[in-house]
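Okay, data.cif is below, mmCIF, C-alpha atoms:
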data_run
loop_
_atom_site.group_PDB
_atom_site.id
_atom_site.type_symbol
_atom_site.label_atom_id
_atom_site.label_comp_id
_atom_site.auth_asym_id
_atom_site.auth_seq_id
_atom_site.Cartn_x
_atom_site.Cartn_y
_atom_site.Cartn_z
ATOM 1 C CA MET D 304 0.031 21.427 -1.665
ATOM 2 C CA ALA D 305 0.072 18.430 -3.983
ATOM 3 C CA CYS D 306 2.150 15.862 -2.136
ATOM 4 C CA PHE D 307 -0.718 13.357 -2.315
ATOM 5 C CA THR D 308 -0.287 13.061 -6.104
ATOM 6 C CA VAL D 309 2.823 10.897 -5.661
ATOM 7 C CA SER D 310 0.883 8.376 -3.573
ATOM 8 C CA VAL D 311 -1.986 8.393 -6.082
ATOM 9 C CA ALA D 312 0.416 7.738 -8.960
ATOM 10 C CA GLU D 313 2.127 4.903 -7.079
ATOM 11 C CA ALA D 314 -1.253 3.439 -6.083
ATOM 12 C CA ILE D 315 -2.390 3.378 -9.720
ATOM 13 C CA VAL D 316 0.794 1.623 -10.820
ATOM 14 C CA VAL D 317 0.521 -0.899 -7.960
ATOM 15 C CA LYS D 318 -3.143 -1.568 -8.807
ATOM 16 C CA VAL D 319 -2.254 -2.341 -12.441
ATOM 17 C CA ILE D 320 0.540 -4.670 -11.325
ATOM 18 C CA GLU D 321 -1.806 -6.295 -8.784
ATOM 19 C CA LYS D 322 -4.361 -7.077 -11.507
ATOM 20 C CA LYS D 323 -1.699 -8.573 -13.785
ATOM 21 C CA VAL D 324 -0.260 -10.704 -10.966
ATOM 22 C CA ALA D 325 -3.747 -11.892 -9.951
ATOM 23 C CA LYS D 326 -4.434 -12.867 -13.548
ATOM 24 C CA LYS D 327 -1.172 -14.854 -13.703
ATOM 25 C CA GLU D 328 -1.944 -16.554 -10.386
ATOM 26 C CA LYS D 329 -5.406 -17.595 -11.564
ATOM 27 C CA LEU D 330 -4.008 -18.846 -14.862
ATOM 28 C CA ALA D 331 -1.328 -20.886 -13.087
ATOM 29 C CA GLU D 332 -3.932 -22.289 -10.696
ATOM 30 C CA ALA D 333 -6.280 -23.204 -13.554
ATOM 31 C CA LYS D 334 -3.485 -24.993 -15.398
ATOM 32 C CA GLY D 335 -2.639 -26.888 -12.232
ATOM 33 C CA ASN D 336 0.926 -25.672 -12.444
ATOM 34 C CA THR D 337 2.652 -27.688 -9.743
ATOM 35 C CA SER D 338 6.231 -26.606 -9.578
ATOM 36 C CA ASN D 339 8.830 -27.481 -6.969
ATOM 37 C CA VAL D 340 8.355 -24.068 -5.367
ATOM 38 C CA GLU D 341 5.757 -23.976 -2.605
ATOM 39 C CA LYS D 342 2.785 -21.695 -3.071
ATOM 40 C CA PRO D 343 2.874 -18.863 -0.491
ATOM 41 C CA LEU D 344 0.104 -18.820 2.091
ATOM 42 C CA ILE D 345 -0.677 -15.199 1.241
ATOM 43 C CA PRO D 346 -0.574 -14.602 -2.535
ATOM 44 C CA LEU D 347 1.397 -11.665 -3.909
ATOM 45 C CA SER D 348 -1.747 -10.186 -5.456
ATOM 46 C CA THR D 349 -3.355 -10.017 -2.008
ATOM 47 C CA ARG D 350 -0.309 -8.324 -0.514
ATOM 48 C CA LEU D 351 -0.189 -5.850 -3.410
ATOM 49 C CA GLY D 352 -3.858 -5.135 -2.700
ATOM 50 C CA TRP D 353 -2.873 -4.148 0.819
ATOM 51 C CA LEU D 354 -0.331 -1.683 -0.580
ATOM 52 C CA SER D 355 -2.773 -0.124 -3.027
ATOM 53 C CA LYS D 356 -5.354 0.285 -0.251
ATOM 54 C CA LEU D 357 -2.799 1.933 2.023
ATOM 55 C CA LEU D 358 -1.732 4.317 -0.737
ATOM 56 C CA PHE D 359 -5.242 5.165 -1.978
ATOM 57 C CA GLY D 360 -6.545 5.633 1.559
ATOM 58 C CA GLY D 361 -3.693 7.864 2.642
ATOM 59 C CA SER D 362 -3.826 9.970 -0.493
ATOM 60 C CA ALA D 363 -7.614 10.359 -0.172
ATOM 61 C CA LEU D 364 -7.198 11.679 3.372
ATOM 62 C CA LEU D 365 -4.434 14.040 2.245
ATOM 63 C CA ALA D 366 -6.494 15.249 -0.715
ATOM 64 C CA PHE D 367 -9.422 15.950 1.616
ATOM 65 C CA GLU D 368 -7.124 17.886 3.934
ATOM 66 C CA HIS D 369 -5.817 19.947 1.002
ATOM 67 C CA VAL D 370 -9.386 20.657 -0.184
ATOM 68 C CA TRP D 371 -10.311 21.652 3.373
ATOM 69 C CA HIS D 372 -7.491 24.199 3.465
ATOM 70 C CA GLY D 373 -8.305 25.585 0.015
ATOM 71 C CA GLU D 374 -5.166 24.320 -1.712
ATOM 72 C CA VAL D 375 -7.174 22.159 -4.125
ATOM 73 C CA VAL D 376 -10.167 23.739 -5.861
ATOM 74 C CA PRO D 377 -12.839 22.320 -8.200
ATOM 75 C CA TRP D 378 -11.889 24.575 -11.145
ATOM 76 C CA PHE D 379 -8.906 24.632 -13.470
ATOM 77 C CA PRO D 380 -5.956 24.453 -12.726
ATOM 78 C CA PHE D 381 -7.272 22.615 -9.587
ATOM 79 C CA LEU D 382 -4.173 23.425 -7.538
ATOM 80 C CA THR D 383 -3.998 26.989 -6.260
ATOM 81 C CA ALA D 384 -0.201 26.846 -6.432
ATOM 82 C CA MET D 385 -0.386 26.600 -10.226
ATOM 83 C CA ASN D 386 -1.578 30.209 -10.494
ATOM 84 C CA ASP D 387 1.851 31.672 -9.697
ATOM 85 C CA ALA D 388 5.262 30.476 -10.965
ATOM 86 C CA ALA D 389 6.928 30.901 -7.566
ATOM 87 C CA ASP D 390 4.202 28.879 -5.882
ATOM 88 C CA ALA D 391 4.468 26.221 -8.595
ATOM 89 C CA ALA D 392 8.201 25.820 -7.927
ATOM 90 C CA GLU D 393 7.507 25.478 -4.203
ATOM 91 C CA MET D 394 4.790 22.903 -4.978
ATOM 92 C CA LEU D 395 7.134 20.832 -7.143
ATOM 93 C CA THR D 396 9.739 20.899 -4.382
ATOM 94 C CA GLU D 397 7.124 19.713 -1.899
ATOM 95 C CA ILE D 398 6.044 16.920 -4.249
ATOM 96 C CA GLY D 399 9.662 15.829 -4.656
ATOM 97 C CA THR D 400 10.465 15.834 -0.964
ATOM 98 C CA VAL D 401 7.337 15.321 1.129
ATOM 99 C CA GLY D 402 5.335 13.354 -1.437
ATOM 100 C CA VAL D 403 8.120 10.960 -2.353
ATOM 101 C CA GLY D 404 9.085 10.588 1.306
ATOM 102 C CA MET D 405 5.541 9.699 2.361
ATOM 103 C CA ALA D 406 5.089 7.223 -0.490
ATOM 104 C CA ALA D 407 8.424 5.584 0.326
ATOM 105 C CA LEU D 408 7.522 5.373 4.022
ATOM 106 C CA VAL D 409 4.143 3.757 3.276
ATOM 107 C CA THR D 410 5.819 1.290 0.913
ATOM 108 C CA GLY D 411 8.441 0.462 3.534
ATOM 109 C CA VAL D 412 5.783 -0.118 6.192
ATOM 110 C CA TRP D 413 3.887 -2.341 3.740
ATOM 111 C CA PHE D 414 7.062 -4.325 3.037
ATOM 112 C CA VAL D 415 7.646 -4.995 6.741
ATOM 113 C CA MET D 416 3.943 -5.770 7.233
ATOM 114 C CA SER D 417 3.972 -8.164 4.286
ATOM 115 C CA LYS D 418 7.071 -10.027 5.479
ATOM 116 C CA THR D 419 5.645 -10.237 9.006
ATOM 117 C CA ALA D 420 2.333 -11.610 7.713
ATOM 118 C CA LEU D 421 4.162 -14.233 5.644
ATOM 119 C CA TYR D 422 6.214 -15.223 8.684
ATOM 120 C CA ILE D 423 3.162 -15.504 10.918
ATOM 121 C CA ALA D 424 1.161 -17.419 8.308
ATOM 122 C CA GLY D 425 4.034 -19.842 7.783
ATOM 123 C CA ARG D 426 4.648 -20.680 11.434
ATOM 124 C CA PRO D 427 3.796 -24.177 12.574
ATOM 125 C CA ALA D 428 0.649 -24.383 14.624
ATOM 126 C CA LEU D 429 1.380 -23.914 18.324
ATOM 127 C CA LYS D 430 -2.212 -24.289 19.492
ATOM 128 C CA GLY D 431 -1.508 -27.442 21.499
ATOM 129 C CA LEU D 432 1.383 -25.833 23.331
ATOM 130 C CA GLN D 433 -0.592 -22.666 23.999
ATOM 131 C CA THR D 434 -3.541 -24.666 25.340
ATOM 132 C CA GLU D 435 -1.288 -26.588 27.723
ATOM 133 C CA ALA D 436 0.239 -23.351 28.988
ATOM 134 C CA ILE D 437 -3.189 -21.838 29.606
ATOM 135 C CA ILE D 438 -4.320 -24.918 31.509
ATOM 136 C CA LYS D 439 -1.168 -24.826 33.684
ATOM 137 C CA ASP D 440 -1.715 -21.122 34.430
ATOM 138 C CA ARG D 441 -5.292 -21.737 35.606
ATOM 139 C CA LYS D 442 -4.294 -24.431 38.129
#
Here is a file; write its structure as structure tokens.
Amino acid sequence: MACFTVSVAEAIVVKVIEKKVAKKEKLAEAKGNTSNVEKPLIPLSTRLGWLSKLLFGGSALLAFEHVWHGEVVPWFPFLTAMNDAADAAEMLTEIGTVGVGMAALVTGVWFVMSKTALYIAGRPALKGLQTEAIIKDRK
């Protein structure tokens, strides 16, 4: 009924954090802050952008699906479950279980995706070795 609201709320929070992190990264870059810590190949603000896009995109699709089935309407109170107290309790239970579960799953997938992207971006270039292997295979 309203499980997409959890993802929307998380996406808004992530977007605010992304903007603040991007601002800090630009400020550090402008100051020429050269610390002993290496700069990551994929900045945190970029990776947070991936998460916000995943969350906004998924919640938009879910919201469309709920509109399609008549669970979300364009007049107040917008959610048909809010008209009846029993339906409202069921909706809150769904938000707490399904909504939180989906948001946690998307965040977990993003975490694995982010770590994998950092690993791949940080690997030493193997182009020479790959080229030699291709040449050997063609002979």
Open item on the list: Considering all atoms listed in the file, can you say which of D:Val319, D:Gly411, D:Ala314, D:Ala384 comes closest to Ile398 (chain D)?
Closed with: D:Ala384
Open item on the list: One decimal, in Å: what's the spacing between CA of Trp378 (chain D) and CA of Ala366 (chain D)?
Closed with: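 Here the two named atoms are 15.0 Å from each other.
Taking all atoms listed in the file into account, Ser362 (chain D) lies nearest to D:Val409 out of the set D:Val376, D:Leu395, D:Ala325, D:Val409.
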TODO: Go through the shown structure with the PyMOL selection byres ((chain D and resi 406) around 9) and write out the matching residues as a list in words.
DONE: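 For this structure, the PyMOL selection byres ((chain D and resi 406) around 9) captures Phe307, Val309, Ser310, Glu313, Leu358, Val401, Gly402, Val403, Gly404, Met405, Ala407, Leu408, Val409, Thr410 and Gly411 of chain D.
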Next, the residues of the selection above should be written as an mmCIF file, keeping the file's coordinate frame with C-alpha atoms.
data_model
loop_
_atom_site.group_PDB
_atom_site.id
_atom_site.type_symbol
_atom_site.label_atom_id
_atom_site.label_comp_id
_atom_site.auth_asym_id
_atom_site.auth_seq_id
_atom_site.Cartn_x
_atom_site.Cartn_y
_atom_site.Cartn_z
ATOM 1 C CA PHE D 307 -0.718 13.357 -2.315
ATOM 2 C CA VAL D 309 2.823 10.897 -5.661
ATOM 3 C CA SER D 310 0.883 8.376 -3.573
ATOM 4 C CA GLU D 313 2.127 4.903 -7.079
ATOM 5 C CA LEU D 358 -1.732 4.317 -0.737
ATOM 6 C CA VAL D 401 7.337 15.321 1.129
ATOM 7 C CA GLY D 402 5.335 13.354 -1.437
ATOM 8 C CA VAL D 403 8.120 10.960 -2.353
ATOM 9 C CA GLY D 404 9.085 10.588 1.306
ATOM 10 C CA MET D 405 5.541 9.699 2.361
ATOM 11 C CA ALA D 407 8.424 5.584 0.326
ATOM 12 C CA LEU D 408 7.522 5.373 4.022
ATOM 13 C CA VAL D 409 4.143 3.757 3.276
ATOM 14 C CA THR D 410 5.819 1.290 0.913
ATOM 15 C CA GLY D 411 8.441 0.462 3.534
#
TODO: Quick one: pull the distance between CA of Pro343 (chain D) and CA of Leu421 (chain D), Å, one decimal.
DONE: 7.8 Å
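Across the structure, CA of Gly360 (chain D) and CA of Ser417 (chain D) are spaced 17.6 Å apart.
Shortest separation to Ala363 (chain D) among D:Val375, D:Val311, D:Val324, D:Leu347 occurs at residue D:Val311, atoms counted being all atoms listed in the file.
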Task: Nearest to Val370 (chain D), chosen from D:Thr400, D:Thr383, D:Lys326, D:Ala391, with all atoms listed in the file counted in the distances - done: D:Thr383
